[in-house]
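Have a look at my_file.pdb below; it lists PDB, C-alpha atoms.
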MODEL        1
ATOM      1  CA  MET A   1     -59.094  -7.226 -30.176  1.00  0.00           C
ATOM      2  CA  PRO A   2     -58.396 -10.796 -31.329  1.00  0.00           C
ATOM      3  CA  GLU A   3     -60.850 -13.604 -30.748  1.00  0.00           C
ATOM      4  CA  LEU A   4     -60.701 -14.939 -27.194  1.00  0.00           C
ATOM      5  CA  ILE A   5     -59.386 -18.507 -27.007  1.00  0.00           C
ATOM      6  CA  GLN A   6     -60.610 -20.494 -23.975  1.00  0.00           C
ATOM      7  CA  PRO A   7     -59.536 -24.159 -24.232  1.00  0.00           C
ATOM      8  CA  THR A   8     -61.381 -26.956 -22.492  1.00  0.00           C
ATOM      9  CA  THR A   9     -60.417 -30.496 -21.588  1.00  0.00           C
ATOM     10  CA  GLU A  10     -62.511 -33.310 -20.213  1.00  0.00           C
ATOM     11  CA  ARG A  11     -62.143 -31.937 -16.674  1.00  0.00           C
ATOM     12  CA  LEU A  12     -60.936 -28.369 -17.063  1.00  0.00           C
ATOM     13  CA  GLN A  13     -61.820 -24.935 -18.439  1.00  0.00           C
ATOM     14  CA  LEU A  14     -59.067 -22.445 -19.241  1.00  0.00           C
ATOM     15  CA  ARG A  15     -60.703 -19.018 -19.309  1.00  0.00           C
ATOM     16  CA  GLN A  16     -60.307 -15.282 -18.962  1.00  0.00           C
ATOM     17  CA  TRP A  17     -59.936 -14.062 -15.377  1.00  0.00           C
ATOM     18  CA  ARG A  18     -62.861 -12.732 -13.328  1.00  0.00           C
ATOM     19  CA  ALA A  19     -62.894 -10.278 -10.419  1.00  0.00           C
ATOM     20  CA  GLU A  20     -63.889 -13.079  -8.022  1.00  0.00           C
ATOM     21  CA  ASP A  21     -60.667 -14.963  -8.888  1.00  0.00           C
ATOM     22  CA  LYS A  22     -58.474 -12.268  -7.331  1.00  0.00           C
ATOM     23  CA  PRO A  23     -58.974 -13.036  -3.615  1.00  0.00           C
ATOM     24  CA  VAL A  24     -58.615 -16.786  -4.149  1.00  0.00           C
ATOM     25  CA  PHE A  25     -55.485 -16.250  -6.258  1.00  0.00           C
ATOM     26  CA  ALA A  26     -54.040 -13.924  -3.598  1.00  0.00           C
ATOM     27  CA  GLU A  27     -54.616 -16.572  -0.938  1.00  0.00           C
ATOM     28  CA  MET A  28     -52.842 -19.112  -3.148  1.00  0.00           C
ATOM     29  CA  ASN A  29     -49.886 -16.725  -3.680  1.00  0.00           C
ATOM     30  CA  ALA A  30     -49.555 -16.321   0.093  1.00  0.00           C
ATOM     31  CA  ASP A  31     -49.208 -20.099   0.605  1.00  0.00           C
ATOM     32  CA  PRO A  32     -45.548 -21.044   1.258  1.00  0.00           C
ATOM     33  CA  ARG A  33     -46.108 -24.476  -0.335  1.00  0.00           C
ATOM     34  CA  VAL A  34     -47.296 -22.937  -3.618  1.00  0.00           C
ATOM     35  CA  MET A  35     -44.574 -20.271  -3.594  1.00  0.00           C
ATOM     36  CA  GLU A  36     -41.710 -22.553  -2.512  1.00  0.00           C
ATOM     37  CA  PHE A  37     -39.714 -21.878  -5.684  1.00  0.00           C
ATOM     38  CA  PHE A  38     -40.365 -18.138  -5.879  1.00  0.00           C
ATOM     39  CA  PRO A  39     -38.208 -15.510  -4.159  1.00  0.00           C
ATOM     40  CA  SER A  40     -41.078 -14.477  -1.836  1.00  0.00           C
ATOM     41  CA  LEU A  41     -44.759 -14.750  -1.114  1.00  0.00           C
ATOM     42  CA  LEU A  42     -46.925 -12.197  -2.903  1.00  0.00           C
ATOM     43  CA  THR A  43     -48.924  -9.443  -1.259  1.00  0.00           C
ATOM     44  CA  ARG A  44     -52.532  -8.942  -2.319  1.00  0.00           C
ATOM     45  CA  GLN A  45     -51.449  -5.959  -4.448  1.00  0.00           C
ATOM     46  CA  GLN A  46     -48.709  -7.976  -6.185  1.00  0.00           C
ATOM     47  CA  SER A  47     -51.088 -10.870  -6.793  1.00  0.00           C
ATOM     48  CA  ASP A  48     -53.800  -8.587  -8.194  1.00  0.00           C
ATOM     49  CA  ALA A  49     -51.217  -6.913 -10.458  1.00  0.00           C
ATOM     50  CA  GLY A  50     -50.314 -10.348 -11.837  1.00  0.00           C
ATOM     51  CA  VAL A  51     -53.977 -11.021 -12.623  1.00  0.00           C
ATOM     52  CA  ASP A  52     -54.255  -7.621 -14.315  1.00  0.00           C
ATOM     53  CA  ARG A  53     -51.188  -8.397 -16.472  1.00  0.00           C
ATOM     54  CA  SER A  54     -52.697 -11.764 -17.440  1.00  0.00           C
ATOM     55  CA  ILE A  55     -56.017 -10.131 -18.354  1.00  0.00           C
ATOM     56  CA  ALA A  56     -54.225  -7.519 -20.483  1.00  0.00           C
ATOM     57  CA  HIS A  57     -52.165 -10.178 -22.303  1.00  0.00           C
ATOM     58  CA  ILE A  58     -55.279 -12.252 -23.067  1.00  0.00           C
ATOM     59  CA  GLU A  59     -57.154  -9.159 -24.270  1.00  0.00           C
ATOM     60  CA  LYS A  60     -54.236  -8.223 -26.553  1.00  0.00           C
ATOM     61  CA  TYR A  61     -53.519 -11.679 -28.010  1.00  0.00           C
ATOM     62  CA  GLY A  62     -56.606 -13.820 -27.305  1.00  0.00           C
ATOM     63  CA  TRP A  63     -54.511 -16.219 -25.199  1.00  0.00           C
ATOM     64  CA  GLY A  64     -52.228 -16.056 -22.151  1.00  0.00           C
ATOM     65  CA  PHE A  65     -51.994 -17.318 -18.601  1.00  0.00           C
ATOM     66  CA  TRP A  66     -55.622 -18.398 -18.308  1.00  0.00           C
ATOM     67  CA  ALA A  67     -57.525 -18.849 -15.059  1.00  0.00           C
ATOM     68  CA  LEU A  68     -58.104 -22.567 -14.564  1.00  0.00           C
ATOM     69  CA  GLU A  69     -61.318 -24.016 -13.239  1.00  0.00           C
ATOM     70  CA  LEU A  70     -62.752 -27.462 -12.695  1.00  0.00           C
ATOM     71  CA  ARG A  71     -65.617 -27.806 -15.165  1.00  0.00           C
ATOM     72  CA  GLU A  72     -67.792 -29.932 -12.883  1.00  0.00           C
ATOM     73  CA  THR A  73     -67.722 -27.634  -9.831  1.00  0.00           C
ATOM     74  CA  LYS A  74     -66.475 -24.297 -11.301  1.00  0.00           C
ATOM     75  CA  GLU A  75     -63.762 -24.238  -8.585  1.00  0.00           C
ATOM     76  CA  PHE A  76     -60.830 -21.918  -9.327  1.00  0.00           C
ATOM     77  CA  LEU A  77     -57.633 -24.015  -9.335  1.00  0.00           C
ATOM     78  CA  GLY A  78     -54.964 -21.482 -10.326  1.00  0.00           C
ATOM     79  CA  PHE A  79     -53.615 -20.683 -13.769  1.00  0.00           C
ATOM     80  CA  VAL A  80     -52.143 -22.473 -16.764  1.00  0.00           C
ATOM     81  CA  GLY A  81     -51.240 -21.063 -20.138  1.00  0.00           C
ATOM     82  CA  MET A  82     -48.713 -19.221 -22.234  1.00  0.00           C
ATOM     83  CA  LYS A  83     -47.376 -15.715 -22.485  1.00  0.00           C
ATOM     84  CA  ASN A  84     -44.780 -13.751 -24.347  1.00  0.00           C
ATOM     85  CA  VAL A  85     -41.595 -13.584 -22.287  1.00  0.00           C
ATOM     86  CA  THR A  86     -41.020  -9.912 -21.524  1.00  0.00           C
ATOM     87  CA  GLU A  87     -37.895 -10.283 -19.399  1.00  0.00           C
ATOM     88  CA  ASP A  88     -34.496  -9.928 -21.047  1.00  0.00           C
ATOM     89  CA  LEU A  89     -33.437 -13.570 -20.896  1.00  0.00           C
ATOM     90  CA  PRO A  90     -30.798 -15.404 -22.953  1.00  0.00           C
ATOM     91  CA  PHE A  91     -33.412 -17.222 -25.078  1.00  0.00           C
ATOM     92  CA  THR A  92     -35.831 -14.374 -25.875  1.00  0.00           C
ATOM     93  CA  PRO A  93     -37.925 -13.596 -27.826  1.00  0.00           C
ATOM     94  CA  ALA A  94     -39.979 -16.603 -26.773  1.00  0.00           C
ATOM     95  CA  VAL A  95     -43.399 -17.822 -25.687  1.00  0.00           C
ATOM     96  CA  GLU A  96     -43.410 -19.436 -22.256  1.00  0.00           C
ATOM     97  CA  ILE A  97     -45.816 -22.041 -20.916  1.00  0.00           C
ATOM     98  CA  GLY A  98     -46.409 -21.940 -17.180  1.00  0.00           C
ATOM     99  CA  TRP A  99     -48.718 -23.017 -14.368  1.00  0.00           C
ATOM    100  CA  ARG A 100     -49.427 -22.405 -10.703  1.00  0.00           C
ATOM    101  CA  LEU A 101     -52.102 -24.359  -8.878  1.00  0.00           C
ATOM    102  CA  ALA A 102     -53.431 -24.119  -5.337  1.00  0.00           C
ATOM    103  CA  PHE A 103     -51.993 -26.825  -3.112  1.00  0.00           C
ATOM    104  CA  PRO A 104     -55.215 -28.911  -2.729  1.00  0.00           C
ATOM    105  CA  TYR A 105     -55.174 -29.511  -6.504  1.00  0.00           C
ATOM    106  CA  TRP A 106     -51.625 -30.850  -6.787  1.00  0.00           C
ATOM    107  CA  GLY A 107     -51.022 -34.444  -7.824  1.00  0.00           C
ATOM    108  CA  LYS A 108     -54.261 -34.829  -9.800  1.00  0.00           C
ATOM    109  CA  GLY A 109     -52.819 -34.278 -13.279  1.00  0.00           C
ATOM    110  CA  TYR A 110     -54.524 -30.909 -13.738  1.00  0.00           C
ATOM    111  CA  ALA A 111     -51.337 -28.979 -14.621  1.00  0.00           C
ATOM    112  CA  SER A 112     -50.317 -31.521 -17.278  1.00  0.00           C
ATOM    113  CA  GLU A 113     -53.843 -31.770 -18.715  1.00  0.00           C
ATOM    114  CA  ALA A 114     -54.275 -27.997 -19.008  1.00  0.00           C
ATOM    115  CA  ALA A 115     -50.726 -27.506 -20.286  1.00  0.00           C
ATOM    116  CA  GLN A 116     -51.360 -30.057 -23.047  1.00  0.00           C
ATOM    117  CA  ALA A 117     -54.442 -28.079 -24.065  1.00  0.00           C
ATOM    118  CA  SER A 118     -52.299 -24.922 -24.064  1.00  0.00           C
ATOM    119  CA  LEU A 119     -49.646 -26.526 -26.270  1.00  0.00           C
ATOM    120  CA  ASP A 120     -52.369 -27.721 -28.627  1.00  0.00           C
ATOM    121  CA  VAL A 121     -53.421 -24.069 -29.000  1.00  0.00           C
ATOM    122  CA  ALA A 122     -49.782 -23.009 -29.427  1.00  0.00           C
ATOM    123  CA  PHE A 123     -49.027 -25.385 -32.268  1.00  0.00           C
ATOM    124  CA  ASN A 124     -52.405 -26.098 -33.923  1.00  0.00           C
ATOM    125  CA  THR A 125     -54.130 -22.716 -33.592  1.00  0.00           C
ATOM    126  CA  LEU A 126     -51.385 -20.113 -33.222  1.00  0.00           C
ATOM    127  CA  ASN A 127     -48.868 -22.016 -35.387  1.00  0.00           C
ATOM    128  CA  LEU A 128     -45.991 -21.170 -33.063  1.00  0.00           C
ATOM    129  CA  ARG A 129     -42.623 -22.698 -33.889  1.00  0.00           C
ATOM    130  CA  GLU A 130     -41.501 -23.269 -30.293  1.00  0.00           C
ATOM    131  CA  VAL A 131     -42.624 -22.937 -26.676  1.00  0.00           C
ATOM    132  CA  VAL A 132     -40.287 -22.801 -23.673  1.00  0.00           C
ATOM    133  CA  SER A 133     -40.627 -23.233 -19.936  1.00  0.00           C
ATOM    134  CA  PHE A 134     -38.190 -22.468 -17.151  1.00  0.00           C
ATOM    135  CA  THR A 135     -37.940 -22.949 -13.422  1.00  0.00           C
ATOM    136  CA  PRO A 136     -35.346 -22.918 -10.633  1.00  0.00           C
ATOM    137  CA  LEU A 137     -33.078 -25.966 -10.709  1.00  0.00           C
ATOM    138  CA  GLN A 138     -34.593 -27.175  -7.419  1.00  0.00           C
ATOM    139  CA  ASN A 139     -38.166 -27.320  -8.753  1.00  0.00           C
ATOM    140  CA  ILE A 140     -38.261 -30.980  -9.728  1.00  0.00           C
ATOM    141  CA  ARG A 141     -42.086 -31.151  -9.679  1.00  0.00           C
ATOM    142  CA  SER A 142     -42.397 -28.576 -12.485  1.00  0.00           C
ATOM    143  CA  GLN A 143     -39.562 -30.200 -14.418  1.00  0.00           C
ATOM    144  CA  ARG A 144     -41.483 -33.509 -14.300  1.00  0.00           C
ATOM    145  CA  VAL A 145     -44.551 -31.765 -15.770  1.00  0.00           C
ATOM    146  CA  MET A 146     -42.351 -30.342 -18.540  1.00  0.00           C
ATOM    147  CA  GLU A 147     -41.033 -33.821 -19.287  1.00  0.00           C
ATOM    148  CA  ARG A 148     -44.562 -35.317 -19.311  1.00  0.00           C
ATOM    149  CA  LEU A 149     -45.443 -32.685 -21.923  1.00  0.00           C
ATOM    150  CA  GLY A 150     -42.627 -33.956 -24.141  1.00  0.00           C
ATOM    151  CA  MET A 151     -40.406 -30.931 -23.519  1.00  0.00           C
ATOM    152  CA  ARG A 152     -36.654 -31.473 -23.586  1.00  0.00           C
ATOM    153  CA  ARG A 153     -34.188 -29.892 -21.207  1.00  0.00           C
ATOM    154  CA  ASP A 154     -31.861 -27.412 -22.865  1.00  0.00           C
ATOM    155  CA  SER A 155     -28.201 -27.280 -21.837  1.00  0.00           C
ATOM    156  CA  LEU A 156     -28.656 -23.619 -20.874  1.00  0.00           C
ATOM    157  CA  VAL A 157     -28.657 -22.810 -17.167  1.00  0.00           C
ATOM    158  CA  PHE A 158     -29.183 -19.104 -16.525  1.00  0.00           C
ATOM    159  CA  GLU A 159     -29.506 -16.646 -13.665  1.00  0.00           C
ATOM    160  CA  HIS A 160     -32.999 -15.137 -13.617  1.00  0.00           C
ATOM    161  CA  PRO A 161     -32.675 -11.337 -13.433  1.00  0.00           C
ATOM    162  CA  GLN A 162     -35.769 -10.979 -11.210  1.00  0.00           C
ATOM    163  CA  VAL A 163     -34.346 -13.278  -8.525  1.00  0.00           C
ATOM    164  CA  PRO A 164     -31.978 -11.748  -5.928  1.00  0.00           C
ATOM    165  CA  THR A 165     -28.371 -12.765  -6.590  1.00  0.00           C
ATOM    166  CA  GLU A 166     -28.001 -14.221  -3.085  1.00  0.00           C
ATOM    167  CA  SER A 167     -31.039 -16.474  -3.511  1.00  0.00           C
ATOM    168  CA  PRO A 168     -30.567 -20.235  -3.906  1.00  0.00           C
ATOM    169  CA  LEU A 169     -33.331 -19.974  -6.577  1.00  0.00           C
ATOM    170  CA  LEU A 170     -31.223 -17.757  -8.870  1.00  0.00           C
ATOM    171  CA  LYS A 171     -30.174 -20.490 -11.317  1.00  0.00           C
ATOM    172  CA  HIS A 172     -32.892 -21.701 -13.702  1.00  0.00           C
ATOM    173  CA  CYS A 173     -33.108 -24.512 -16.217  1.00  0.00           C
ATOM    174  CA  LEU A 174     -34.808 -24.189 -19.592  1.00  0.00           C
ATOM    175  CA  TYR A 175     -37.067 -26.677 -21.368  1.00  0.00           C
ATOM    176  CA  ARG A 176     -38.212 -26.461 -24.998  1.00  0.00           C
ATOM    177  CA  ILE A 177     -40.640 -28.101 -27.371  1.00  0.00           C
ATOM    178  CA  ASN A 178     -41.069 -27.269 -31.045  1.00  0.00           C
ATOM    179  CA  ALA A 179     -43.965 -27.800 -33.426  1.00  0.00           C
ATOM    180  CA  ASP A 180     -42.410 -30.907 -35.016  1.00  0.00           C
ATOM    181  CA  GLU A 181     -41.818 -32.547 -31.625  1.00  0.00           C
ATOM    182  CA  TRP A 182     -45.386 -31.761 -30.572  1.00  0.00           C
ATOM    183  CA  SER A 183     -46.936 -33.056 -33.803  1.00  0.00           C
ATOM    184  CA  ARG A 184     -45.110 -36.393 -33.528  1.00  0.00           C
ATOM    185  CA  GLY A 185     -46.930 -37.113 -30.271  1.00  0.00           C
ATOM    186  CA  HIS A 186     -50.143 -35.183 -30.962  1.00  0.00           C
ATOM    187  CA  PRO A 187     -51.605 -35.445 -34.473  1.00  0.00           C
ATOM    188  CA  ILE A 188     -53.364 -32.358 -35.816  1.00  0.00           C
ATOM    189  CA  LYS A 189     -57.114 -32.547 -35.264  1.00  0.00           C
TER     190      LYS A 189
ENDMDL
END
Translate the structure of the given file into C-alpha cells.
Amino acid sequence: MPELIQPTTERLQLRQWRAEDKPVFAEMNADPRVMEFFPSLLTRQQSDAGVDRSIAHIEKYGWGFWALELRETKEFLGFVGMKNVTEDLPFTPAVEIGWRLAFPYWGKGYASEAAQASLDVAFNTLNLREVVSFTPLQNIRSQRVMERLGMRRDSLVFEHPQVPTESPLLKHCLYRINADEWSRGHPIK
C-alpha cells in the first residue's frame, strides 16, 4: 500500500474517511440543496457505497476524494480531492478533482482552499501532467470554483453516461489545468 497523503491547510484537514463520517455524509447526500446538480438524492446505502469507494481508492493510491474536516473543531464538512476517472468519458484516462460540502459550509472558501491543496499534491507530489473537473452546465457555483483554481474551460460539452438522457443535467462542461499552468501561479515549495 502506498504512503497515505493527508494534506492540510490553515483551516482544513483532508484525511482518510472514518466510520463516523458515514451518517453525516448520508445526511448531506439527502439534502436537495447539496444534490441540486445530481440526478437524484442518495439513499444511505448509495452514500455509504460512495464512502467505501473513496476509502478503497485512497488505500490503493494514497490519495483520492478525502474526507474534509475543519481543523479547529474537527467538524466533518464533506469531501474534496482527486480520483481516477473510471467512467468511459470522451477525455479519459484522466484524474478528476471534485468536491461536495454540506450546505452550512458553503460560501466560506473551504472548497477552493482544499482543492488548491489537492492540486498542490497533484502537481508537486504526484507529478501529474493534468487534472480535469466536470459538472452539469447549470452548476455555475462549481464552475466558479474551477475558475478560481486557475482551471480553463474546454470547448468539449458532453453527455454524462450516468445521467438519464431525459434529465436537464445530462450535458456537462469540462475544465482542465496542467502542471505548467499550475506552476505559473503556484511556485514549487
Give me, as a compact mmCIF listing (two decimals) with C-alpha atoms, in the coordinates of the input, all polymer residues having an atom no more than 12 Å from Thr9 of chain A, counting all atoms listed in the file and skipping those fewer than 4 positions away in the same chain.
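As a result, selection_13.txt now contains:
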# COMPACT_ATOMS: atom_id res chain seq x y z
CA GLN A 13 -61.82 -24.94 -18.44
CA LEU A 14 -59.07 -22.44 -19.24
CA ARG A 15 -60.70 -19.02 -19.31
CA LEU A 68 -58.10 -22.57 -14.56
CA GLU A 69 -61.32 -24.02 -13.24
CA LEU A 70 -62.75 -27.46 -12.70
CA ARG A 71 -65.62 -27.81 -15.16
CA GLU A 72 -67.79 -29.93 -12.88
CA GLY A 109 -52.82 -34.28 -13.28
CA TYR A 110 -54.52 -30.91 -13.74
CA ALA A 111 -51.34 -28.98 -14.62
CA SER A 112 -50.32 -31.52 -17.28
CA GLU A 113 -53.84 -31.77 -18.72
CA ALA A 114 -54.28 -28.00 -19.01
CA ALA A 115 -50.73 -27.51 -20.29
CA GLN A 116 -51.36 -30.06 -23.05
CA ALA A 117 -54.44 -28.08 -24.06
CA SER A 118 -52.30 -24.92 -24.06
CA ASP A 120 -52.37 -27.72 -28.63
**Message:** Which residues are close to Pro164 of chain A, i.e. within 12 Å by all atoms listed in the file, leaving aside same-chain residues fewer than 5 positions away? Reply as a list in words.
**Reply:** Phe38, Pro39, Ser40, Glu159, Leu169, Leu170 and Lys171 of chain A
File of the preceding selection, C-alpha atoms, as a short mmCIF file (atom, residue, chain, number, x, y, z; two decimals), in the coordinates of the input:
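Ended up saving to out_25.cif:
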data_model
loop_
_atom_site.label_atom_id
_atom_site.label_comp_id
_atom_site.auth_asym_id
_atom_site.auth_seq_id
_atom_site.Cartn_x
_atom_site.Cartn_y
_atom_site.Cartn_z
CA PHE A 38 -40.36 -18.14 -5.88
CA PRO A 39 -38.21 -15.51 -4.16
CA SER A 40 -41.08 -14.48 -1.84
CA GLU A 159 -29.51 -16.65 -13.66
CA LEU A 169 -33.33 -19.97 -6.58
CA LEU A 170 -31.22 -17.76 -8.87
CA LYS A 171 -30.17 -20.49 -11.32
#
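For the pair atom CA of Pro161 of chain A and atom CA of Leu174 of chain A, the interatomic distance is 14.4 Å.
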**Request:** Please provide as a list in words all residues within 8 Å of Ala67 of chain A, with the sequence filter that same-chain residues fewer than 4 positions apart are discarded (counting only C-alpha atoms).
**Result:** Leu14, Arg15, Gln16, Trp17, Asp21, Phe76, Leu77, Gly78, Phe79 and Val80 of chain A
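Note that the spacing between atom CA of Met1 of chain A and atom CA of Asp52 of chain A amounts to 16.6 Å.
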**Item:** Result set, the PyMOL selection byres ((chain A and resi 56) around 12) on current file, as a list in words
**Value:** Met1, Leu4, Gln16, Trp17, Ala49, Gly50, Val51, Asp52, Arg53, Ser54, Ile55, His57, Ile58, Glu59, Lys60, Tyr61, Gly62, Trp63, Gly64, Phe65, Trp66, Lys83 and Asn84 of chain A
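Candidate residues A:Glu36, A:Glu3, A:Glu130, A:Asp31 were compared for distance to Ser183 of chain A, and the nearest is A:Glu130, using only C-alpha atoms.
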**Message:** For Phe123 of chain A, find every residue with an atom within 12 Å (counting only C-alpha atoms), except residues of its own chain fewer than 3 positions away, and show them as an NGL selection string.
**Reply:** :A and (82 or 95 or 116-120 or 126-131 or 177-184 or 186-189)
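The shell of residues at most 12 Å from Arg176 of chain A, with only C-alpha atoms counted and near chain neighbours (fewer than 5 positions) removed, consists of Phe91, Ala94, Val95, Glu96, Ile97, Leu119, Arg129, Glu130, Val131, Val132, Ser133, Phe134, Gln143, Met146, Glu147, Leu149, Gly150, Met151, Arg152, Arg153, Asp154, Ser155, Leu156, Glu181 and Trp182 of chain A.
Distance-wise, atom CA of Asp88 of chain A and atom CA of Val163 of chain A end up 13.0 Å apart.
Distance annotation: of A:Glu27, A:Thr73, A:Gln45, A:Thr135, the residue with the minimal separation from Leu12 of chain A is A:Thr73; atom set is only C-alpha atoms.
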